[in-house]
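File shown here: input.cif, holding mmCIF, C-alpha atoms; chains and numbers go by the auth columns.
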```cif
data_final
#
loop_
_atom_site.group_PDB
_atom_site.id
_atom_site.type_symbol
_atom_site.label_atom_id
_atom_site.label_comp_id
_atom_site.label_asym_id
_atom_site.label_seq_id
_atom_site.Cartn_x
_atom_site.Cartn_y
_atom_site.Cartn_z
_atom_site.B_iso_or_equiv
_atom_site.auth_seq_id
_atom_site.auth_asym_id
ATOM 1 C CA MET A 1 18.689 51.923 -45.596 0.00 264 B
ATOM 2 C CA ILE A 2 22.358 51.967 -46.696 0.00 265 B
ATOM 3 C CA ARG A 3 21.646 54.872 -49.069 0.00 266 B
ATOM 4 C CA ASP A 4 20.133 56.853 -46.175 0.00 267 B
ATOM 5 C CA LEU A 5 23.243 56.213 -44.063 0.00 268 B
ATOM 6 C CA VAL A 6 25.518 57.271 -46.932 0.00 269 B
ATOM 7 C CA ILE A 7 23.545 60.512 -47.326 0.00 270 B
ATOM 8 C CA GLU A 8 23.609 61.102 -43.561 0.00 271 B
ATOM 9 C CA ASN A 9 27.337 60.311 -43.350 0.00 272 B
ATOM 10 C CA ARG A 10 28.890 63.645 -44.301 0.00 273 B
ATOM 11 C CA SER A 11 32.197 65.196 -43.287 0.00 274 B
ATOM 12 C CA TYR A 12 31.113 67.051 -40.165 0.00 275 B
ATOM 13 C CA ARG A 13 33.310 69.801 -38.788 0.00 276 B
ATOM 14 C CA SER A 14 31.267 71.046 -35.823 0.00 277 B
ATOM 15 C CA PHE A 15 30.182 68.962 -32.846 0.00 278 B
ATOM 16 C CA ASP A 16 28.143 69.134 -29.637 0.00 279 B
ATOM 17 C CA GLU A 17 30.878 68.852 -27.013 0.00 280 B
ATOM 18 C CA SER A 18 28.338 68.152 -24.248 0.00 281 B
ATOM 19 C CA ARG A 19 27.652 64.733 -25.791 0.00 282 B
ATOM 20 C CA ARG A 20 30.801 62.655 -25.360 0.00 283 B
ATOM 21 C CA ILE A 21 31.767 59.485 -27.192 0.00 284 B
ATOM 22 C CA GLY A 22 33.281 56.937 -24.839 0.00 285 B
ATOM 23 C CA ARG A 23 35.528 53.907 -25.081 0.00 286 B
ATOM 24 C CA GLU A 24 32.622 51.443 -25.397 0.00 287 B
ATOM 25 C CA ASP A 25 31.160 53.409 -28.330 0.00 288 B
ATOM 26 C CA LEU A 26 34.542 53.365 -30.084 0.00 289 B
ATOM 27 C CA LEU A 27 35.080 49.662 -29.382 0.00 290 B
ATOM 28 C CA ASP A 28 31.713 48.956 -30.994 0.00 291 B
ATOM 29 C CA LEU A 29 32.788 50.825 -34.146 0.00 292 B
ATOM 30 C CA ILE A 30 36.126 48.986 -34.316 0.00 293 B
ATOM 31 C CA ASP A 31 34.514 45.616 -33.642 0.00 294 B
ATOM 32 C CA THR A 32 32.519 46.120 -36.839 0.00 295 B
ATOM 33 C CA ALA A 33 35.449 47.525 -38.846 0.00 296 B
ATOM 34 C CA ARG A 34 37.655 44.545 -38.004 0.00 297 B
ATOM 35 C CA LEU A 35 35.198 42.313 -39.896 0.00 298 B
ATOM 36 C CA CYS A 36 35.740 44.198 -43.175 0.00 299 B
ATOM 37 C CA PRO A 37 37.494 42.654 -46.177 0.00 300 B
ATOM 38 C CA SER A 38 41.271 42.947 -46.229 0.00 301 B
ATOM 39 C CA ALA A 39 43.719 42.461 -49.115 0.00 302 B
ATOM 40 C CA VAL A 40 45.067 38.883 -48.983 0.00 303 B
ATOM 41 C CA ASN A 41 43.257 38.792 -45.602 0.00 304 B
ATOM 42 C CA ARG A 42 46.406 40.157 -43.929 0.00 305 B
ATOM 43 C CA GLN A 43 44.428 42.482 -41.622 0.00 306 B
ATOM 44 C CA PRO A 44 47.284 44.961 -41.017 0.00 307 B
ATOM 45 C CA LEU A 45 45.155 47.749 -39.535 0.00 308 B
ATOM 46 C CA ARG A 46 45.449 48.748 -35.904 0.00 309 B
ATOM 47 C CA TYR A 47 43.340 51.373 -34.141 0.00 310 B
ATOM 48 C CA ARG A 48 44.251 53.846 -31.407 0.00 311 B
ATOM 49 C CA LEU A 49 41.175 55.106 -29.571 0.00 312 B
ATOM 50 C CA VAL A 50 41.285 58.711 -28.323 0.00 313 B
ATOM 51 C CA TYR A 51 38.424 59.751 -26.040 0.00 314 B
ATOM 52 C CA GLU A 52 39.863 61.346 -22.897 0.00 315 B
ATOM 53 C CA PRO A 53 39.190 65.103 -23.219 0.00 316 B
ATOM 54 C CA GLU A 54 42.814 66.210 -22.694 0.00 317 B
ATOM 55 C CA GLU A 55 44.094 63.697 -25.233 0.00 318 B
ATOM 56 C CA VAL A 56 41.390 64.667 -27.758 0.00 319 B
ATOM 57 C CA GLU A 57 42.394 68.342 -27.503 0.00 320 B
ATOM 58 C CA GLU A 58 46.074 67.470 -27.904 0.00 321 B
ATOM 59 C CA VAL A 59 45.415 65.427 -31.060 0.00 322 B
ATOM 60 C CA LEU A 60 43.139 68.187 -32.401 0.00 323 B
ATOM 61 C CA GLY A 61 46.167 70.475 -32.345 0.00 324 B
ATOM 62 C CA PHE A 62 47.880 68.263 -34.946 0.00 325 B
ATOM 63 C CA THR A 63 45.002 68.451 -37.442 0.00 326 B
ATOM 64 C CA HIS A 64 44.162 70.687 -40.397 0.00 327 B
ATOM 65 C CA TRP A 65 40.506 70.986 -41.424 0.00 328 B
ATOM 66 C CA ALA A 66 38.593 72.045 -44.563 0.00 329 B
ATOM 67 C CA GLY A 67 41.430 73.101 -46.831 0.00 330 B
ATOM 68 C CA LEU A 68 38.924 74.634 -49.270 0.00 331 B
ATOM 69 C CA LEU A 69 37.703 77.046 -46.578 0.00 332 B
ATOM 70 C CA PRO A 70 40.893 78.812 -45.439 0.00 333 B
ATOM 71 C CA ASP A 71 39.000 81.768 -43.928 0.00 334 B
ATOM 72 C CA VAL A 72 36.761 79.620 -41.689 0.00 335 B
ATOM 73 C CA LYS A 73 38.022 78.264 -38.342 0.00 336 B
ATOM 74 C CA LEU A 74 36.976 74.644 -38.200 0.00 337 B
ATOM 75 C CA PRO A 75 36.062 73.112 -35.958 0.00 338 B
ATOM 76 C CA PRO A 76 34.820 76.259 -34.217 0.00 339 B
ATOM 77 C CA ASP A 77 35.822 76.899 -30.609 0.00 340 B
ATOM 78 C CA GLY A 78 33.408 75.070 -28.307 0.00 341 B
ATOM 79 C CA HIS A 79 32.427 72.633 -31.074 0.00 342 B
ATOM 80 C CA HIS A 80 35.345 70.211 -31.160 0.00 343 B
ATOM 81 C CA PRO A 81 35.094 66.474 -31.806 0.00 344 B
ATOM 82 C CA THR A 82 34.860 64.404 -28.629 0.00 345 B
ATOM 83 C CA ALA A 83 36.871 61.424 -29.912 0.00 346 B
ATOM 84 C CA PHE A 84 39.320 60.326 -32.573 0.00 347 B
ATOM 85 C CA ILE A 85 40.297 56.997 -34.041 0.00 348 B
ATOM 86 C CA LEU A 86 43.801 56.815 -35.448 0.00 349 B
ATOM 87 C CA ILE A 87 44.086 54.079 -38.083 0.00 350 B
ATOM 88 C CA CYS A 88 47.587 52.663 -38.391 0.00 351 B
ATOM 89 C CA CYS A 89 49.242 50.002 -40.524 0.00 352 B
ATOM 90 C CA ASP A 90 51.229 47.349 -38.670 0.00 353 B
ATOM 91 C CA THR A 91 54.435 47.193 -40.713 0.00 354 B
ATOM 92 C CA THR A 92 55.273 43.767 -39.280 0.00 355 B
ATOM 93 C CA VAL A 93 52.207 42.478 -41.132 0.00 356 B
ATOM 94 C CA THR A 94 52.520 44.578 -44.310 0.00 357 B
ATOM 95 C CA ALA A 95 55.923 46.186 -44.773 0.00 358 B
ATOM 96 C CA GLU A 96 54.627 48.911 -47.116 0.00 359 B
ATOM 97 C CA PRO A 97 51.743 50.878 -45.496 0.00 360 B
ATOM 98 C CA LYS A 98 50.665 52.162 -48.949 0.00 361 B
ATOM 99 C CA SER A 99 49.526 48.600 -49.726 0.00 362 B
ATOM 100 C CA ALA A 100 46.940 48.932 -46.942 0.00 363 B
ATOM 101 C CA ASP A 101 45.314 52.088 -48.374 0.00 364 B
ATOM 102 C CA THR A 102 42.290 50.192 -49.681 0.00 365 B
ATOM 103 C CA ASP A 103 41.848 48.366 -46.369 0.00 366 B
ATOM 104 C CA CYS A 104 42.044 51.715 -44.576 0.00 367 B
ATOM 105 C CA GLY A 105 39.391 53.279 -46.823 0.00 368 B
ATOM 106 C CA ILE A 106 37.022 50.349 -46.380 0.00 369 B
ATOM 107 C CA ALA A 107 37.472 50.381 -42.596 0.00 370 B
ATOM 108 C CA ALA A 108 37.111 54.166 -42.311 0.00 371 B
ATOM 109 C CA GLN A 109 33.894 54.249 -44.344 0.00 372 B
ATOM 110 C CA THR A 110 32.508 51.352 -42.314 0.00 373 B
ATOM 111 C CA ILE A 111 33.342 53.169 -39.064 0.00 374 B
ATOM 112 C CA LEU A 112 31.604 56.339 -40.247 0.00 375 B
ATOM 113 C CA LEU A 113 28.524 54.520 -41.545 0.00 376 B
ATOM 114 C CA MET A 114 28.199 52.696 -38.225 0.00 377 B
ATOM 115 C CA ALA A 115 28.730 56.003 -36.403 0.00 378 B
ATOM 116 C CA ALA A 116 25.921 57.578 -38.464 0.00 379 B
ATOM 117 C CA GLU A 117 23.645 54.683 -37.576 0.00 380 B
ATOM 118 C CA GLN A 118 24.352 55.353 -33.881 0.00 381 B
ATOM 119 C CA GLY A 119 23.672 59.099 -34.112 0.00 382 B
ATOM 120 C CA PHE A 120 27.314 60.165 -34.338 0.00 383 B
ATOM 121 C CA GLY A 121 29.162 61.823 -37.171 0.00 384 B
ATOM 122 C CA GLY A 122 32.721 62.401 -38.123 0.00 385 B
ATOM 123 C CA CYS A 123 35.325 63.510 -40.574 0.00 386 B
ATOM 124 C CA MET A 124 38.175 61.560 -42.164 0.00 387 B
ATOM 125 C CA LEU A 125 41.369 63.561 -41.817 0.00 388 B
ATOM 126 C CA GLY A 126 44.362 62.901 -43.989 0.00 389 B
ATOM 127 C CA ALA A 127 45.692 66.365 -43.165 0.00 390 B
ATOM 128 C CA PHE A 128 47.309 65.815 -39.790 0.00 391 B
ATOM 129 C CA ASP A 129 50.856 65.709 -38.481 0.00 392 B
ATOM 130 C CA ARG A 130 51.494 61.978 -38.383 0.00 393 B
ATOM 131 C CA GLU A 131 54.812 62.212 -36.559 0.00 394 B
ATOM 132 C CA GLU A 132 53.550 64.486 -33.771 0.00 395 B
ATOM 133 C CA THR A 133 50.314 62.509 -33.414 0.00 396 B
ATOM 134 C CA ALA A 134 52.249 59.235 -33.138 0.00 397 B
ATOM 135 C CA LYS A 135 54.617 60.750 -30.579 0.00 398 B
ATOM 136 C CA SER A 136 51.764 62.240 -28.526 0.00 399 B
ATOM 137 C CA LEU A 137 49.811 58.970 -28.490 0.00 400 B
ATOM 138 C CA ARG A 138 52.929 56.851 -27.886 0.00 401 B
ATOM 139 C CA ILE A 139 52.363 54.800 -31.021 0.00 402 B
ATOM 140 C CA PRO A 140 54.968 52.019 -31.417 0.00 403 B
ATOM 141 C CA LYS A 141 57.399 52.506 -34.340 0.00 404 B
ATOM 142 C CA LYS A 142 56.044 49.399 -36.085 0.00 405 B
ATOM 143 C CA LEU A 143 52.682 51.171 -36.535 0.00 406 B
ATOM 144 C CA SER A 144 52.478 53.710 -39.354 0.00 407 B
ATOM 145 C CA PRO A 145 49.669 56.301 -38.951 0.00 408 B
ATOM 146 C CA MET A 146 47.436 56.349 -42.039 0.00 409 B
ATOM 147 C CA LEU A 147 44.212 58.218 -41.306 0.00 410 B
ATOM 148 C CA LEU A 148 42.602 60.053 -38.415 0.00 411 B
ATOM 149 C CA ILE A 149 38.839 59.971 -37.915 0.00 412 B
ATOM 150 C CA ALA A 150 37.297 62.757 -35.832 0.00 413 B
ATOM 151 C CA LEU A 151 34.035 61.765 -34.141 0.00 414 B
ATOM 152 C CA GLY A 152 31.257 63.391 -32.169 0.00 415 B
ATOM 153 C CA VAL A 153 27.600 64.282 -32.265 0.00 416 B
ATOM 154 C CA PRO A 154 27.291 66.738 -35.173 0.00 417 B
ATOM 155 C CA ASP A 155 25.712 70.086 -34.449 0.00 418 B
ATOM 156 C CA GLU A 156 25.663 71.231 -38.062 0.00 419 B
ATOM 157 C CA THR A 157 23.783 70.150 -41.153 0.00 420 B
ATOM 158 C CA VAL A 158 25.596 69.398 -44.387 0.00 421 B
ATOM 159 C CA PHE A 159 23.582 69.733 -47.587 0.00 422 B
ATOM 160 C CA LEU A 160 24.196 67.820 -50.804 0.00 423 B
ATOM 161 C CA CYS A 161 23.541 69.787 -53.982 0.00 424 B
ATOM 162 C CA GLU A 162 23.897 69.390 -57.726 0.00 425 B
ATOM 163 C CA ILE A 163 26.895 70.886 -59.462 0.00 426 B
ATOM 164 C CA PRO A 164 25.724 73.834 -61.542 0.00 427 B
ATOM 165 C CA GLU A 165 26.643 73.687 -65.231 0.00 428 B
ATOM 166 C CA GLY A 166 30.302 74.594 -65.535 0.00 429 B
ATOM 167 C CA GLY A 167 30.502 74.678 -61.741 0.00 430 B
ATOM 168 C CA SER A 168 32.931 73.226 -59.275 0.00 431 B
ATOM 169 C CA THR A 169 32.929 70.212 -56.969 0.00 432 B
ATOM 170 C CA ASN A 170 34.417 72.393 -54.201 0.00 433 B
ATOM 171 C CA TYR A 171 32.374 72.342 -51.008 0.00 434 B
ATOM 172 C CA PHE A 172 31.393 75.776 -49.704 0.00 435 B
ATOM 173 C CA ARG A 173 29.549 77.658 -46.982 0.00 436 B
ATOM 174 C CA ASP A 174 26.913 80.273 -47.680 0.00 437 B
ATOM 175 C CA LYS A 175 26.595 83.610 -45.874 0.00 438 B
ATOM 176 C CA ALA A 176 24.595 81.930 -43.104 0.00 439 B
ATOM 177 C CA GLY A 177 27.434 79.437 -42.566 0.00 440 B
ATOM 178 C CA LEU A 178 25.517 76.472 -43.993 0.00 441 B
ATOM 179 C CA HIS A 179 27.773 73.836 -45.555 0.00 442 B
ATOM 180 C CA PHE A 180 27.080 72.577 -49.105 0.00 443 B
ATOM 181 C CA VAL A 181 28.711 69.659 -50.934 0.00 444 B
ATOM 182 C CA PRO A 182 28.189 69.586 -54.730 0.00 445 B
ATOM 183 C CA LYS A 183 27.837 66.091 -56.204 0.00 446 B
ATOM 184 C CA ARG A 184 28.183 64.989 -59.812 0.00 447 B
ATOM 185 C CA SER A 185 25.019 63.670 -61.456 0.00 448 B
ATOM 186 C CA LEU A 186 24.486 59.969 -62.122 0.00 449 B
ATOM 187 C CA ASP A 187 24.883 60.612 -65.876 0.00 450 B
ATOM 188 C CA ASP A 188 28.263 62.256 -65.224 0.00 451 B
ATOM 189 C CA VAL A 189 29.721 59.227 -63.456 0.00 452 B
ATOM 190 C CA ILE A 190 28.501 56.451 -65.788 0.00 453 B
ATOM 191 C CA VAL A 191 30.850 55.391 -68.573 0.00 454 B
ATOM 192 C CA GLU A 192 29.017 54.013 -71.614 0.00 455 B
#
```
Take the structure from the file and write it as structure tokens.
Amino acid sequence: MIRDLVIENRSYRSFDESRRIGREDLLDLIDTARLCPSAVNRQPLRYRLVYEPEEVEEVLGFTHWAGLLPDVKLPPDGHHPTAFILICCDTTVTAEPKSADTDCGIAAQTILLMAAEQGFGGCMLGAFDREETAKSLRIPKKLSPMLLIALGVPDETVFLCEIPEGGSTNYFRDKAGLHFVPKRSLDDVIVE
């Protein structure tokens, strides 16, 4: 079951805008993420929910998608995410946000696995303008933006594939626009 969710949980970059994600859906995701382990149990993460269409479009303008595909506009017009979750570190709890990186990764993966279980999909975005996003969303100075998660109902399929001998781990799109993500083999990742 978990393996199926991990396989289903890809970085989606095209969404069905007619199927919105609302506040209650996002609260459900965060209610699960808040239960995750946290270093020294400090629980420094805070979450800003973005689901109003105008606010979603404004935040989208501060993002940069699919750096390995510079000639492809992602997400395509008419296929934008319908929500975002901005994960922040509360610097009054943990002075150095870098120390919350592991917490952030655990929470983000949990959010996306839960989203996959509910029929949603998303993409973790580290490539976004933190300062402009924080200003736009009126994030208090004590909260340091760490990661942005785009969410929606995916309208694309992402295929996992083996890395060809001497090949690259770079994701790519074929001539039909299908998205492929090469994965290392089990033998390649085991240290003996």
Original post:
Written as JSON, numbers by chain, what is the full residue list that the PyMOL selection byres ((chain B and resi 426) around 12) yields on the file shown?
Top reply: {"B": [423, 424, 425, 427, 428, 429, 430, 431, 432, 433, 434, 435, 443, 444, 445, 446, 447, 448, 449, 451]}
Subject >> Expansion of the PyMOL selection byres ((chain B and resi 296) around 8) into residues, as a ChimeraX atom specification >> reply: /B:292-295,297-299,370-371,373-374
Listed atoms of segment 264-269 of chain B boxed along x, y and z, 5 Å each side, centre and edge lengths in Å, one decimal, as AutoDock Vina command-line options:
```
--center_x 22.1 --center_y 54.6 --center_z -46.6 --size_x 16.8 --size_y 15.3 --size_z 15.0
```
Original post:
From the list B:Ile453, B:Phe391, B:Pro338, B:Thr345, which residue is nearest Tyr275 of chain B when using only C-alpha atoms?
Top reply: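 Selected residue with least distance to Tyr275 of chain B: B:Pro338.
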**OP:** Determine the residue set returned by the PyMOL selection byres ((chain B and resi 302) around 8) for the present structure, and present it as a PyMOL selection string.
**Re:** chain B and resi 300-301+303-306+363+365-366
**OP:** Identify, on the basis of all atoms listed in the file, every residue whose closest approach to Ala329 of chain B does not exceed 9 Å; exclude the query and any residue fewer than 6 positions from it along the same chain; express the result as a PyMOL selection string.
**Re:** chain B and resi 276+335-337+434
Original post:
So how far away is atom CA of Leu289 of chain B from atom CA of Leu400 of chain B, in Å?
Top reply: 16.3 Å
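If only C-alpha atoms are the atoms counted, then among B:Pro403, B:Gly368, B:Pro417, B:Pro360 the closest residue to Arg283 of chain B is B:Pro417.
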Original post:
Quick one: of B:Ala346, B:Met377, B:Ala397, B:Cys352, who's nearest to Phe278 of chain B, counting all atoms listed in the file?
Top reply: B:Ala346
Subject >> Shell of 8 Å around Val313 of chain B, only C-alpha atoms, local chain residues under 3 positions omitted, as a ChimeraX atom specification >> reply: /B:318-319,346-349
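Of the listed residues (B:Leu414, B:Val269, B:Leu308, B:Ala390), B:Leu308 comes nearest to Ser362 of chain B; the distances count all atoms listed in the file.
Comparing the minimum interatomic distances between Lys405 of chain B and each of B:Asp353, B:Leu331, B:Glu271, B:Arg393, counting all atoms listed in the file, we find that B:Asp353 sits nearest.
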Subject >> For atom CA of Ser277 of chain B and atom CA of Phe422 of chain B, the interatomic separation in Å (one decimal) >> reply: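 Rounded to one decimal, the two atoms are 14.1 Å apart.
Remark: for Lys404 of chain B, the closest of the candidate residues B:Thr355, B:Arg436, B:Cys386, B:Ala378 is B:Thr355 (distances computed over all atoms listed in the file).
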Original post:
atom CA of Cys367 of chain B and atom CA of Leu410 of chain B are how many Å apart?
Top reply: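 A separation of 7.6 Å between them.
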